[in-house]
Each structure stands twice: as structure tokens, then as C-alpha cells.
file coords_32.tsv (TSV, C-alpha atoms and all ligand atoms)
chain	number	residue	atom	x	y	z
K	1	MET	CA	73.59	148.65	58.85
K	2	VAL	CA	74.84	146.12	56.37
K	3	GLU	CA	71.31	145.47	54.99
K	4	ALA	CA	71.18	149.07	53.82
K	5	LEU	CA	74.35	148.46	51.84
K	6	ILE	CA	72.66	145.87	49.65
K	7	LEU	CA	70.76	148.06	47.23
K	8	LYS	CA	67.28	146.67	46.57
K	9	ASN	CA	66.73	146.59	42.83
K	10	MET	CA	63.76	145.80	40.59
K	11	SER	CA	65.61	142.66	39.55
K	12	ALA	CA	68.69	141.50	41.49
K	13	ASP	CA	69.89	143.15	44.68
K	14	ILE	CA	73.13	145.02	44.03
K	15	ILE	CA	75.99	144.05	46.33
K	16	SER	CA	77.85	147.34	46.63
K	17	GLY	CA	81.40	146.52	47.68
K	18	LYS	CA	82.03	150.24	47.83
K	19	ALA	CA	79.27	150.81	50.41
K	20	ILE	CA	80.30	147.73	52.43
K	21	ALA	CA	83.95	148.87	52.50
K	22	GLU	CA	82.96	152.41	53.54
K	23	ASN	CA	80.78	151.07	56.33
K	24	LEU	CA	83.44	148.68	57.64
K	25	LEU	CA	86.05	151.44	57.45
K	26	ASP	CA	84.10	153.53	59.95
K	27	THR	CA	82.77	150.76	62.17
K	28	GLU	CA	85.78	148.42	62.33
K	29	LEU	CA	89.02	149.79	60.93
K	30	VAL	CA	89.09	153.30	62.42
K	31	PRO	CA	88.44	152.03	66.00
K	32	ARG	CA	91.12	149.34	65.61
K	33	VAL	CA	93.66	151.91	64.40
K	34	GLU	CA	92.77	154.23	67.29
K	35	ALA	CA	93.33	151.38	69.76
K	36	LEU	CA	96.76	150.68	68.22
K	37	LYS	CA	97.71	154.36	68.27
K	38	ALA	CA	96.80	154.51	71.98
K	39	LYS	CA	99.52	151.87	72.44
K	40	GLY	CA	101.99	153.93	70.39
K	41	ILE	CA	101.67	151.88	67.18
K	42	THR	CA	100.75	153.45	63.85
K	43	PRO	CA	100.27	150.75	61.20
K	44	ARG	CA	102.60	151.38	58.25
K	45	LEU	CA	102.28	149.87	54.77
K	46	ILE	CA	104.84	150.03	51.96
K	47	VAL	CA	103.70	149.59	48.37
K	48	ILE	CA	106.52	148.79	45.95
K	49	LEU	CA	105.63	150.07	42.49
K	50	VAL	CA	107.88	149.31	39.53
K	51	GLY	CA	107.44	151.16	36.23
K	52	GLU	CA	104.53	153.12	34.86
K	53	HIS	CA	101.66	150.60	34.43
K	54	PRO	CA	98.58	152.90	34.17
K	55	ALA	CA	96.13	150.55	35.95
K	56	SER	CA	98.67	149.94	38.75
K	57	ALA	CA	99.11	153.68	39.31
K	58	SER	CA	95.36	154.02	39.76
K	59	TYR	CA	95.09	150.99	42.11
K	60	VAL	CA	97.97	152.32	44.22
K	61	ARG	CA	96.28	155.73	44.54
K	62	GLN	CA	93.10	154.00	45.78
K	63	LYS	CA	95.13	152.06	48.37
K	64	GLU	CA	96.88	155.24	49.59
K	65	LYS	CA	93.57	157.12	49.90
K	66	PHE	CA	91.82	154.33	51.81
K	67	ALA	CA	94.83	153.89	54.12
K	68	ASP	CA	94.79	157.59	54.88
K	69	ARG	CA	91.08	157.46	55.77
K	70	ALA	CA	91.73	154.52	58.10
K	71	GLY	CA	94.44	156.57	59.82
K	72	ILE	CA	97.38	154.36	58.82
K	73	VAL	CA	100.55	155.34	56.96
K	74	ALA	CA	100.90	154.08	53.38
K	75	GLU	CA	104.02	154.92	51.40
K	76	THR	CA	104.58	154.09	47.76
K	77	TRP	CA	108.21	153.36	46.96
K	78	ARG	CA	108.58	153.93	43.21
K	79	TYR	CA	111.22	152.42	40.92
K	80	GLU	CA	112.07	152.80	37.21
K	81	ASP	CA	111.08	149.78	35.12
K	82	THR	CA	114.82	149.18	34.59
K	83	VAL	CA	115.40	148.54	38.32
K	84	THR	CA	117.19	145.24	38.96
K	85	GLU	CA	115.62	142.27	40.71
K	86	ALA	CA	118.55	142.39	43.17
K	87	LYS	CA	117.65	145.97	44.14
K	88	ILE	CA	114.01	145.04	44.83
K	89	LEU	CA	115.14	142.03	46.88
K	90	GLU	CA	117.46	144.32	48.85
K	91	GLU	CA	114.57	146.74	49.53
K	92	ILE	CA	112.34	143.90	50.71
K	93	GLU	CA	115.08	142.74	53.08
K	94	THR	CA	115.34	146.29	54.49
K	95	ILE	CA	111.56	146.32	55.01
K	96	ASN	CA	111.63	142.86	56.65
K	97	GLN	CA	114.17	144.17	59.18
K	98	ASP	CA	112.35	147.46	59.92
K	99	ASP	CA	110.09	147.11	62.96
K	100	SER	CA	108.22	150.31	62.10
K	101	ILE	CA	106.85	148.68	58.92
K	102	HIS	CA	103.95	146.24	59.37
K	103	GLY	CA	103.05	145.37	55.79
K	104	VAL	CA	104.51	145.36	52.29
K	105	ILE	CA	103.15	144.55	48.86
K	106	VAL	CA	104.76	144.53	45.46
K	107	GLN	CA	102.17	145.89	43.04
K	108	LEU	CA	101.79	143.43	40.14
K	109	PRO	CA	102.56	143.20	37.29
K	110	VAL	CA	106.32	143.78	37.44
K	111	PRO	CA	108.59	143.88	34.34
K	112	ASP	CA	109.55	140.48	32.88
K	113	HIS	CA	113.17	140.61	34.12
K	114	ILE	CA	111.90	140.49	37.73
K	115	SER	CA	110.75	137.08	39.00
K	116	VAL	CA	107.40	137.39	40.81
K	117	GLU	CA	108.03	134.07	42.59
K	118	LYS	CA	111.44	135.21	43.91
K	119	ILE	CA	110.10	138.59	45.03
K	120	LEU	CA	107.09	137.15	46.82
K	121	ARG	CA	109.17	134.50	48.58
K	122	ALA	CA	111.49	137.22	49.90
K	123	ILE	CA	108.67	138.96	51.84
K	124	HIS	CA	108.46	137.91	55.48
K	125	PRO	CA	105.10	136.10	55.92
K	126	SER	CA	104.22	138.29	58.94
K	127	LYS	CA	104.39	141.39	56.68
K	128	ASP	CA	102.81	139.74	53.61
K	129	VAL	CA	99.56	141.73	53.66
K	130	ASP	CA	98.65	140.57	50.12
K	131	GLY	CA	98.64	137.00	51.47
K	132	PHE	CA	100.67	135.78	48.47
K	133	THR	CA	103.61	134.02	50.16
K	134	PRO	CA	103.72	130.21	50.22
K	135	GLN	CA	103.38	130.22	54.03
K	136	ASN	CA	100.19	132.31	54.07
K	137	VAL	CA	98.71	130.42	51.11
K	138	GLY	CA	99.55	127.12	52.85
K	139	GLN	CA	97.93	128.23	56.11
K	140	LEU	CA	94.82	129.32	54.22
K	141	PHE	CA	94.75	125.88	52.55
K	142	LEU	CA	94.93	124.25	56.01
K	143	GLY	CA	92.17	126.49	57.38
K	144	GLU	CA	94.63	128.05	59.82
K	145	GLU	CA	94.67	131.73	60.76
K	146	SER	CA	96.79	133.64	58.26
K	147	LEU	CA	97.02	136.88	56.32
K	148	GLU	CA	94.45	135.97	53.65
K	149	CYS	CA	94.67	137.10	50.00
K	150	CYS	CA	92.73	140.34	49.72
K	151	THR	CA	90.40	139.75	46.77
K	152	PRO	CA	89.22	136.28	47.93
K	153	LYS	CA	88.77	137.54	51.50
K	154	GLY	CA	86.81	140.54	50.21
K	155	ILE	CA	84.58	138.30	48.08
K	156	ILE	CA	83.61	136.15	51.07
K	157	ARG	CA	82.77	139.28	53.08
K	158	MET	CA	80.56	140.53	50.25
K	159	ILE	CA	78.70	137.22	50.08
K	160	GLU	CA	78.19	137.27	53.84
K	161	SER	CA	77.00	140.90	53.68
K	162	ALA	CA	74.40	139.78	51.13
K	163	LYS	CA	73.13	137.39	53.84
K	164	VAL	CA	74.06	134.28	51.88
K	165	ASP	CA	75.13	131.47	54.23
K	166	LEU	CA	77.70	129.41	52.33
K	167	ASN	CA	77.14	126.33	54.50
K	168	GLY	CA	76.03	123.53	52.13
K	169	LYS	CA	75.68	125.87	49.12
K	170	HIS	CA	77.11	125.11	45.71
K	171	VAL	CA	79.75	127.68	44.80
K	172	VAL	CA	80.96	127.67	41.21
K	173	VAL	CA	84.23	129.53	40.61
K	174	VAL	CA	85.16	130.34	37.02
K	175	GLY	CA	88.93	130.92	36.84
K	176	ARG	CA	91.81	129.17	38.61
K	177	SER	CA	94.42	131.87	39.20
K	178	ASN	CA	96.66	131.67	42.25
K	179	ILE	CA	95.48	135.08	43.47
K	180	VAL	CA	91.70	134.73	43.05
K	181	GLY	CA	90.19	131.48	41.72
K	182	LYS	CA	92.11	128.91	43.77
K	183	PRO	CA	92.14	130.77	47.12
K	184	VAL	CA	88.48	131.86	46.95
K	185	ALA	CA	87.53	128.23	46.29
K	186	ILE	CA	89.41	127.17	49.44
K	187	LEU	CA	87.85	129.96	51.54
K	188	ALA	CA	84.37	128.90	50.37
K	189	LEU	CA	85.23	125.27	51.16
K	190	ASN	CA	86.37	126.34	54.64
K	191	LYS	CA	82.84	127.80	55.03
K	192	ASN	CA	81.38	124.36	54.22
K	193	ALA	CA	80.35	125.15	50.65
K	194	THR	CA	80.47	122.52	47.92
K	195	VAL	CA	82.87	124.01	45.38
K	196	THR	CA	83.39	123.53	41.65
K	197	ILE	CA	86.34	125.25	39.96
K	198	CYS	CA	85.95	125.80	36.21
K	199	HIS	CA	88.62	126.92	33.75
K	200	SER	CA	89.47	127.10	30.06
K	201	ARG	CA	89.54	123.29	29.69
K	202	THR	CA	86.21	122.69	31.48
K	203	LYS	CA	84.05	120.64	29.09
K	204	ASP	CA	80.51	121.94	29.66
K	205	LEU	CA	80.82	125.27	31.42
K	206	ASP	CA	77.10	126.05	31.12
K	207	ALA	CA	76.16	122.80	32.87
K	208	GLN	CA	78.51	123.62	35.76
K	209	ILE	CA	77.24	127.20	36.09
K	210	ALA	CA	73.63	125.95	36.04
K	211	GLN	CA	74.26	124.30	39.44
K	212	ALA	CA	75.50	127.45	41.16
K	213	ASP	CA	73.90	128.97	44.24
K	214	VAL	CA	76.85	131.37	44.16
K	215	LEU	CA	78.83	132.13	41.00
K	216	ILE	CA	82.26	133.80	41.25
K	217	VAL	CA	83.72	134.85	37.91
K	218	ALA	CA	87.44	135.68	37.72
K	219	VAL	CA	88.58	134.91	34.19
K	220	GLY	CA	89.78	138.29	32.93
K	221	ARG	CA	87.61	138.29	29.77
K	222	PRO	CA	85.13	141.14	29.26
K	223	GLU	CA	81.45	140.13	29.64
K	224	MET	CA	82.19	136.46	29.05
K	225	ILE	CA	79.23	135.26	31.15
K	226	ASN	CA	75.72	136.47	30.33
K	227	GLY	CA	72.29	136.27	31.93
K	228	ASP	CA	71.20	133.22	29.89
K	229	GLN	CA	73.83	131.13	31.67
K	230	ILE	CA	72.89	132.21	35.19
K	231	PRO	CA	70.37	130.13	37.16
K	232	GLU	CA	67.43	131.89	38.85
K	233	GLY	CA	68.23	132.87	42.43
K	234	CYS	CA	72.01	132.77	42.00
K	235	THR	CA	74.31	135.25	43.77
K	236	VAL	CA	76.91	136.53	41.29
K	237	ILE	CA	80.30	138.02	42.16
K	238	ASP	CA	82.12	139.60	39.23
K	239	VAL	CA	85.86	139.96	39.80
K	240	GLY	CA	86.83	141.25	36.32
K	241	ILE	CA	87.44	144.88	35.45
K	242	HIS	CA	88.02	146.01	31.88
K	243	ARG	CA	88.01	149.26	29.95
K	244	LYS	CA	85.28	149.20	27.28
K	245	GLU	CA	86.22	150.34	23.77
K	246	GLY	CA	83.57	153.04	23.73
K	247	GLY	CA	84.51	154.21	27.24
K	248	GLY	CA	83.44	153.06	30.70
K	249	LEU	CA	84.23	149.88	32.58
K	250	CYS	CA	82.78	146.36	32.52
K	251	GLY	CA	83.37	143.09	34.31
K	252	ASP	CA	83.66	139.44	33.28
K	253	VAL	CA	79.84	139.24	33.52
K	254	HIS	CA	77.42	140.98	31.16
K	255	PHE	CA	75.72	143.03	33.86
K	256	GLU	CA	72.55	144.15	32.06
K	257	SER	CA	71.45	140.58	31.26
K	258	ALA	CA	72.76	139.00	34.48
K	259	VAL	CA	70.96	141.48	36.74
K	260	LYS	CA	67.63	140.16	35.41
K	261	LYS	CA	68.38	136.57	36.43
K	262	ALA	CA	70.48	136.78	39.59
K	263	LYS	CA	69.18	137.11	43.13
K	264	ALA	CA	72.07	139.43	43.93
K	265	ILE	CA	75.02	140.68	41.88
K	266	SER	CA	78.13	142.78	42.44
K	267	PRO	CA	78.60	145.70	40.02
K	268	VAL	CA	81.72	146.82	38.15
K	269	PRO	CA	83.01	149.29	39.19
K	270	GLY	CA	82.09	149.55	42.88
K	271	GLY	CA	81.97	145.82	43.60
K	272	VAL	CA	84.99	143.61	44.33
K	273	GLY	CA	87.63	146.35	43.75
K	274	PRO	CA	86.89	148.43	46.87
K	275	MET	CA	86.71	145.24	48.97
K	276	THR	CA	90.22	144.23	47.82
K	277	VAL	CA	91.52	147.61	48.96
K	278	PHE	CA	89.61	147.31	52.24
K	279	CYS	CA	91.12	143.87	52.96
K	280	LEU	CA	94.65	145.12	52.23
K	281	ILE	CA	94.28	147.84	54.83
K	282	GLU	CA	92.58	145.43	57.25
K	283	ASN	CA	95.47	142.97	56.83
K	284	THR	CA	97.99	145.74	57.56
K	285	ILE	CA	96.13	146.57	60.78
K	286	GLU	CA	95.98	142.85	61.64
K	287	ALA	CA	99.75	142.52	61.06
K	288	ALA	CA	100.33	145.48	63.43
K	289	GLU	CA	97.97	144.02	66.04
K	290	ARG	CA	99.89	140.74	66.04
K	291	LEU	CA	103.09	142.44	67.15
K	292	LYS	CA	103.92	141.76	70.77
K	293	VAL	CA	104.20	145.06	72.64
K	301	LIG	N1	97.74	143.75	40.84
K	301	LIG	C1	96.42	143.54	40.62
K	301	LIG	N2	95.81	143.12	41.76
K	301	LIG	C2	96.77	143.05	42.70
K	301	LIG	C3	96.76	142.70	44.08
K	301	LIG	O1	95.74	142.32	44.68
K	301	LIG	N3	97.96	142.77	44.72
K	301	LIG	C4	99.09	143.16	44.08
K	301	LIG	N4	100.22	143.18	44.78
K	301	LIG	N5	99.14	143.50	42.81
K	301	LIG	C5	97.98	143.45	42.12
call {"tool": "encode", "arguments": {"input": "coords_32.tsv", "output": "C-alpha cells"}}
result
Amino acid sequence: MVEALILKNMSADIISGKAIAENLLDTELVPRVEALKAKGITPRLIVILVGEHPASASYVRQKEKFADRAGIVAETWRYEDTVTEAKILEEIETINQDDSIHGVIVQLPVPDHISVEKILRAIHPSKDVDGFTPQNVGQLFLGEESLECCTPKGIIRMIESAKVDLNGKHVVVVGRSNIVGKPVAILALNKNATVTICHSRTKDLDAQIAQADVLIVAVGRPEMINGDQIPEGCTVIDVGIHRKEGGGLCGDVHFESAVKKAKAISPVPGGVGPMTVFCLIENTIEAAERLKV
């Protein structure tokens, strides 16, 4: 039951992305994979990993583990950080042509000599399970069915799991990146929310946040938003993840103060991160289901 996944707290309810992802793994993903396997299709995901970025190595391990539990194949193709852009483009072309592969992602960041734009544009949109290609982003913008970016898609599922109906609500997004801020704003708009996008040049950030029924923070600055800024009754989704100097992890929101003001809040870790992984595996299954057999 999804209600049981929202942990009732003395102050805010805690929206456990980890528990939601685990529940949906068992109830939705495993049966879908079994149905595909009965037709002779095993969803297969390739993760292209360039260099030795420590956070990337950990994210990739989480993706492999979750894929394995869903019953799909996930392979990480590893390259030295000196690999040429041409080689990566060649690999993507091989993957595009291989009918046994349903999804591919290039784990970001990549070294500076490799153009992210070029690499992403080389991926065939039907295998773009990160939802980063111009075609998938454009279809999301138009409200058409597409492979949706994983973090924004996961955020909307978390909000829905917390029983917040976005219809007519004011969603304030802090951050305007192409992979979180902009697409999550469009997804919320597609759910009939009124959306404000704030960023580093926003004049009175506090005044904007004060209007939020739902606050989504994706700025990449540790504990930048605190409880004083959060209106009573607000649902808060914290997308940031940072290593604290004294050890442990924190988000873009100062959890201890925010939890006292919010109606519901996602924790870090165990909030948005597991939902991003979930949506990647779900997108890979969706890409395999779309194949005509
Ligand atoms: N690096 C950090 N987050 C992501 C993500 O969602 N997808 C990819 N490809 N790389 C990332």
C-alpha cells in the first residue's frame, strides 16, 4: 500500500522514495518484465561510463543492482577518461543498430573533451531511457507520450504517492537545469499545476517560495533552503545530494528545520535518488514493450 510508504512523523510526513521504489518494483516492474520474458524479450540496458568519477561509480552500481532485481540485464561499458569522442559515438551507433539492446545512457559527467550535446544527439530516441534527447524533451514539452527524464518523472510519482493532487496547485521549482528544473516544471504544468521557476537571478526568492503548495529544490547547493522559508502545509521535494564535511549526506534543503514546517518532505538520502533509478529501469522496460514483436 502506498499510504504505508509515507512515513507518518511528529512533524512532516516523510516521503520515502526508497520505499515507493521498492514497492513499485515488486508490484509493477517485475510483472511487466515477466510478461516480456514470456514473449522472448529480456529488456537490456547499456550504461556508458567514462573515467573514474566516484559519485558516478556509485550511481551506476545502484542502477545495476536495481536492474538485476527487476529481472532485466544491465551492462556497464567502461572507458578510460582518455577515450575519444569519436569512439563513444561509434559505440552509440553500434548500440542503436543492435536490436537486443533496448536502452542506453551515458553516465554524466563526461570529460571536457567529449561534447555532451553531440553524444546525447547520437542516441536513438527510442533507446534514450534517460529522456535527454531533443526529441524526447520536445515530446514532453508538447505533452505527448515519450521516454520522460528520470528524475522529473520520479518526482511527480513521489508527489502523487504523497496524495497531493497537482491540479490547480502552485508548484515552485528552484533551479532551471535541463535535466531537472525545466522538465519537472513542464510535467507539473501538464498536471494542471500553476508553476513558478526560480533561479540565481530571481529577485525575491523568499516571496516566491512563500506561495508554494509544492516546493521542488534542485539547485545543487547544500542546505540552501531552510524551514523559515517554507510555508506551513507545503510539500517539499529535495533533489540535491551532497557529502557533508563532517561525514554523512545532505540535500539542498536543511532537513531538520524544514521537517518542522512542511506537510510532507522527501529525505536525503532515500528520497529522489531511488526514484531516479526506478524510472530509468521503468523506461528501459517501456522501451522494450514498445518494440513490435
Ligand atoms: N549523472 C547524474 N545524474 C544523472 C542522470 O540522471 N543520468 C545520467 N546519464 N547521468 C547522470
call {"tool": "residues_around", "arguments": {"input": "coords_32.tsv", "residues": "range 275-284 of chain K", "least_positions_apart": "4", "cutoff": "6 Å", "atoms": "all atoms listed in the file", "output": "list in words"}}
result
Gly17, Ala21, Lys63, Gly103, Val129, Cys150, Thr151 and Gly154 of chain K
call {"tool": "write_last_selection", "arguments": {"input": "coords_32.tsv", "atoms": "C-alpha atoms", "output": "compact mmCIF listing (two decimals), in the frame of the given file"}}
result
# COMPACT_ATOMS: atom_id res chain seq x y z
CA GLY K 17 81.40 146.52 47.68
CA ALA K 21 83.95 148.87 52.50
CA LYS K 63 95.13 152.06 48.37
CA GLY K 103 103.05 145.37 55.79
CA VAL K 129 99.56 141.73 53.66
CA CYS K 150 92.73 140.34 49.72
CA THR K 151 90.40 139.75 46.77
CA GLY K 154 86.81 140.54 50.21
call {"tool": "closest_residue", "arguments": {"input": "coords_32.tsv", "among": "K:Val137, K:Ala70, K:Val60, K:Val253", "to": "Arg221 in chain K", "atoms": "only C-alpha atoms"}}
result
K:Val253
call {"tool": "axis_aligned_box", "arguments": {"input": "coords_32.tsv", "around": "ligand LIG 301 (chain K)", "padding_each_side": "4 Å", "output": "AutoDock Vina command-line options"}}
result
--center_x 98.0 --center_y 143.0 --center_z 42.7 --size_x 12.5 --size_y 9.4 --size_z 12.2
call {"tool": "residues_near_ligand", "arguments": {"input": "coords_32.tsv", "ligand": "ligand LIG 301 (chain K)", "cutoff": "7 Å", "atoms": "only C-alpha atoms and all ligand atoms", "output": "PDB file with C-alpha atoms, in the frame of the given file"}}
result
ATOM      1  CA  SER K  56      98.670 149.940  38.750  1.00  0.00           C
ATOM      2  CA  ILE K 105     103.150 144.550  48.860  1.00  0.00           C
ATOM      3  CA  VAL K 106     104.760 144.530  45.460  1.00  0.00           C
ATOM      4  CA  GLN K 107     102.170 145.890  43.040  1.00  0.00           C
ATOM      5  CA  LEU K 108     101.790 143.430  40.140  1.00  0.00           C
ATOM      6  CA  PRO K 109     102.560 143.200  37.290  1.00  0.00           C
ATOM      7  CA  ASP K 130      98.650 140.570  50.120  1.00  0.00           C
ATOM      8  CA  CYS K 150      92.730 140.340  49.720  1.00  0.00           C
ATOM      9  CA  THR K 151      90.400 139.750  46.770  1.00  0.00           C
ATOM     10  CA  THR K 276      90.220 144.230  47.820  1.00  0.00           C
TER      11      THR K 276
END
call {"tool": "residues_near_point", "arguments": {"input": "coords_32.tsv", "point": "(108.2, 151.2, 47.5)", "cutoff": "12 Å", "atoms": "all atoms listed in the file", "output": "PyMOL selection string"}}
result
chain K and resi 45-51+60+74-80+83+87-92+94-95+101+103-107
call {"tool": "atom_distance", "arguments": {"input": "coords_32.tsv", "atom1": "CA of Ala262 in chain K", "atom2": "CA of Ala212 in chain K"}}
result
10.7 Å
call {"tool": "atom_distance", "arguments": {"input": "coords_32.tsv", "atom1": "CA of Glu232 in chain K", "atom2": "CA of Gln211 in chain K"}}
result
10.2 Å
call {"tool": "residues_around", "arguments": {"input": "coords_32.tsv", "residues": "Arg290 in chain K", "least_positions_apart": "5", "cutoff": "10 Å", "atoms": "all atoms listed in the file", "output": "list of chain:residue names"}}
result
K:His102, K:Ser126, K:Ile285
call {"tool": "closest_residue", "arguments": {"input": "coords_32.tsv", "among": "K:Ala210, K:Leu120, K:Leu249, K:Val110", "to": "Glu223 in chain K", "atoms": "all atoms listed in the file"}}
result
K:Leu249
call {"tool": "atom_distance", "arguments": {"input": "coords_32.tsv", "atom1": "CA of Ile119 in chain K", "atom2": "CA of Asn96 in chain K"}}
result
12.5 Å
call {"tool": "decode", "arguments": {"input": "coords_32.tsv", "residues": "range 89-113 of chain K", "atoms": "N, CA, C and O atoms", "output": "PDB file, in the first residue's frame"}}
result
ATOM      1  N   LEU K  89      30.947   7.862 -29.876  1.00  0.00           N
ATOM      2  CA  LEU K  89      29.903   7.986 -30.912  1.00  0.00           C
ATOM      3  C   LEU K  89      29.758   6.669 -31.686  1.00  0.00           C
ATOM      4  O   LEU K  89      28.644   6.258 -32.028  1.00  0.00           O
ATOM      5  N   GLU K  90      30.899   6.041 -31.950  1.00  0.00           N
ATOM      6  CA  GLU K  90      30.888   4.747 -32.662  1.00  0.00           C
ATOM      7  C   GLU K  90      30.135   3.691 -31.823  1.00  0.00           C
ATOM      8  O   GLU K  90      29.331   2.912 -32.360  1.00  0.00           O
ATOM      9  N   GLU K  91      30.409   3.678 -30.513  1.00  0.00           N
ATOM     10  CA  GLU K  91      29.754   2.703 -29.627  1.00  0.00           C
ATOM     11  C   GLU K  91      28.245   2.939 -29.608  1.00  0.00           C
ATOM     12  O   GLU K  91      27.449   1.994 -29.626  1.00  0.00           O
ATOM     13  N   ILE K  92      27.859   4.214 -29.565  1.00  0.00           N
ATOM     14  CA  ILE K  92      26.419   4.528 -29.535  1.00  0.00           C
ATOM     15  C   ILE K  92      25.764   4.055 -30.835  1.00  0.00           C
ATOM     16  O   ILE K  92      24.664   3.508 -30.827  1.00  0.00           O
ATOM     17  N   GLU K  93      26.467   4.222 -31.946  1.00  0.00           N
ATOM     18  CA  GLU K  93      25.909   3.778 -33.226  1.00  0.00           C
ATOM     19  C   GLU K  93      25.733   2.247 -33.232  1.00  0.00           C
ATOM     20  O   GLU K  93      24.709   1.733 -33.698  1.00  0.00           O
ATOM     21  N   THR K  94      26.707   1.548 -32.672  1.00  0.00           N
ATOM     22  CA  THR K  94      26.600   0.078 -32.562  1.00  0.00           C
ATOM     23  C   THR K  94      25.360  -0.291 -31.745  1.00  0.00           C
ATOM     24  O   THR K  94      24.590  -1.190 -32.114  1.00  0.00           O
ATOM     25  N   ILE K  95      25.176   0.409 -30.630  1.00  0.00           N
ATOM     26  CA  ILE K  95      24.027   0.146 -29.746  1.00  0.00           C
ATOM     27  C   ILE K  95      22.714   0.464 -30.476  1.00  0.00           C
ATOM     28  O   ILE K  95      21.749  -0.303 -30.412  1.00  0.00           O
ATOM     29  N   ASN K  96      22.694   1.589 -31.197  1.00  0.00           N
ATOM     30  CA  ASN K  96      21.482   1.958 -31.949  1.00  0.00           C
ATOM     31  C   ASN K  96      21.063   0.857 -32.915  1.00  0.00           C
ATOM     32  O   ASN K  96      19.871   0.603 -33.129  1.00  0.00           O
ATOM     33  N   GLN K  97      22.072   0.185 -33.498  1.00  0.00           N
ATOM     34  CA  GLN K  97      21.792  -0.845 -34.525  1.00  0.00           C
ATOM     35  C   GLN K  97      21.475  -2.210 -33.935  1.00  0.00           C
ATOM     36  O   GLN K  97      21.043  -3.103 -34.656  1.00  0.00           O
ATOM     37  N   ASP K  98      21.721  -2.388 -32.614  1.00  0.00           N
ATOM     38  CA  ASP K  98      21.604  -3.729 -32.010  1.00  0.00           C
ATOM     39  C   ASP K  98      20.204  -3.924 -31.428  1.00  0.00           C
ATOM     40  O   ASP K  98      19.844  -3.320 -30.415  1.00  0.00           O
ATOM     41  N   ASP K  99      19.430  -4.790 -32.062  1.00  0.00           N
ATOM     42  CA  ASP K  99      18.035  -4.998 -31.652  1.00  0.00           C
ATOM     43  C   ASP K  99      17.890  -5.646 -30.278  1.00  0.00           C
ATOM     44  O   ASP K  99      16.805  -5.612 -29.697  1.00  0.00           O
ATOM     45  N   SER K 100      18.983  -6.234 -29.771  1.00  0.00           N
ATOM     46  CA  SER K 100      18.881  -6.871 -28.446  1.00  0.00           C
ATOM     47  C   SER K 100      19.038  -5.843 -27.313  1.00  0.00           C
ATOM     48  O   SER K 100      18.861  -6.178 -26.150  1.00  0.00           O
ATOM     49  N   ILE K 101      19.391  -4.608 -27.682  1.00  0.00           N
ATOM     50  CA  ILE K 101      19.568  -3.550 -26.665  1.00  0.00           C
ATOM     51  C   ILE K 101      18.372  -2.595 -26.743  1.00  0.00           C
ATOM     52  O   ILE K 101      18.050  -2.070 -27.807  1.00  0.00           O
ATOM     53  N   HIS K 102      17.727  -2.377 -25.572  1.00  0.00           N
ATOM     54  CA  HIS K 102      16.518  -1.552 -25.555  1.00  0.00           C
ATOM     55  C   HIS K 102      16.761  -0.142 -25.027  1.00  0.00           C
ATOM     56  O   HIS K 102      15.992   0.767 -25.306  1.00  0.00           O
ATOM     57  N   GLY K 103      17.814   0.019 -24.223  1.00  0.00           N
ATOM     58  CA  GLY K 103      18.075   1.338 -23.659  1.00  0.00           C
ATOM     59  C   GLY K 103      19.546   1.593 -23.468  1.00  0.00           C
ATOM     60  O   GLY K 103      20.326   0.657 -23.238  1.00  0.00           O
ATOM     61  N   VAL K 104      19.939   2.877 -23.583  1.00  0.00           N
ATOM     62  CA  VAL K 104      21.338   3.251 -23.335  1.00  0.00           C
ATOM     63  C   VAL K 104      21.371   4.602 -22.636  1.00  0.00           C
ATOM     64  O   VAL K 104      20.557   5.482 -22.942  1.00  0.00           O
ATOM     65  N   ILE K 105      22.280   4.726 -21.676  1.00  0.00           N
ATOM     66  CA  ILE K 105      22.551   6.049 -21.107  1.00  0.00           C
ATOM     67  C   ILE K 105      24.060   6.264 -21.071  1.00  0.00           C
ATOM     68  O   ILE K 105      24.831   5.308 -20.969  1.00  0.00           O
ATOM     69  N   VAL K 106      24.437   7.515 -21.170  1.00  0.00           N
ATOM     70  CA  VAL K 106      25.829   7.889 -20.942  1.00  0.00           C
ATOM     71  C   VAL K 106      25.847   8.555 -19.577  1.00  0.00           C
ATOM     72  O   VAL K 106      25.197   9.596 -19.381  1.00  0.00           O
ATOM     73  N   GLN K 107      26.519   7.936 -18.618  1.00  0.00           N
ATOM     74  CA  GLN K 107      26.541   8.490 -17.267  1.00  0.00           C
ATOM     75  C   GLN K 107      27.291   9.825 -17.295  1.00  0.00           C
ATOM     76  O   GLN K 107      28.416   9.906 -17.795  1.00  0.00           O
ATOM     77  N   LEU K 108      26.662  10.867 -16.773  1.00  0.00           N
ATOM     78  CA  LEU K 108      27.268  12.204 -16.741  1.00  0.00           C
ATOM     79  C   LEU K 108      27.834  12.457 -15.347  1.00  0.00           C
ATOM     80  O   LEU K 108      27.296  11.925 -14.368  1.00  0.00           O
ATOM     81  N   PRO K 109      28.898  13.230 -15.178  1.00  0.00           N
ATOM     82  CA  PRO K 109      29.585  13.981 -16.235  1.00  0.00           C
ATOM     83  C   PRO K 109      30.548  13.112 -17.054  1.00  0.00           C
ATOM     84  O   PRO K 109      30.954  12.051 -16.607  1.00  0.00           O
ATOM     85  N   VAL K 110      30.893  13.646 -18.256  1.00  0.00           N
ATOM     86  CA  VAL K 110      31.945  13.031 -19.062  1.00  0.00           C
ATOM     87  C   VAL K 110      33.104  14.046 -19.127  1.00  0.00           C
ATOM     88  O   VAL K 110      32.892  15.231 -18.868  1.00  0.00           O
ATOM     89  N   PRO K 111      34.322  13.588 -19.442  1.00  0.00           N
ATOM     90  CA  PRO K 111      35.451  14.533 -19.517  1.00  0.00           C
ATOM     91  C   PRO K 111      35.176  15.662 -20.524  1.00  0.00           C
ATOM     92  O   PRO K 111      34.398  15.492 -21.472  1.00  0.00           O
ATOM     93  N   ASP K 112      35.845  16.803 -20.294  1.00  0.00           N
ATOM     94  CA  ASP K 112      35.573  18.017 -21.077  1.00  0.00           C
ATOM     95  C   ASP K 112      35.776  17.858 -22.588  1.00  0.00           C
ATOM     96  O   ASP K 112      35.139  18.564 -23.368  1.00  0.00           O
ATOM     97  N   HIS K 113      36.670  16.930 -23.007  1.00  0.00           N
ATOM     98  CA  HIS K 113      36.916  16.805 -24.454  1.00  0.00           C
ATOM     99  C   HIS K 113      35.774  16.069 -25.175  1.00  0.00           C
ATOM    100  O   HIS K 113      35.777  15.955 -26.391  1.00  0.00           O
TER     101      HIS K 113
END
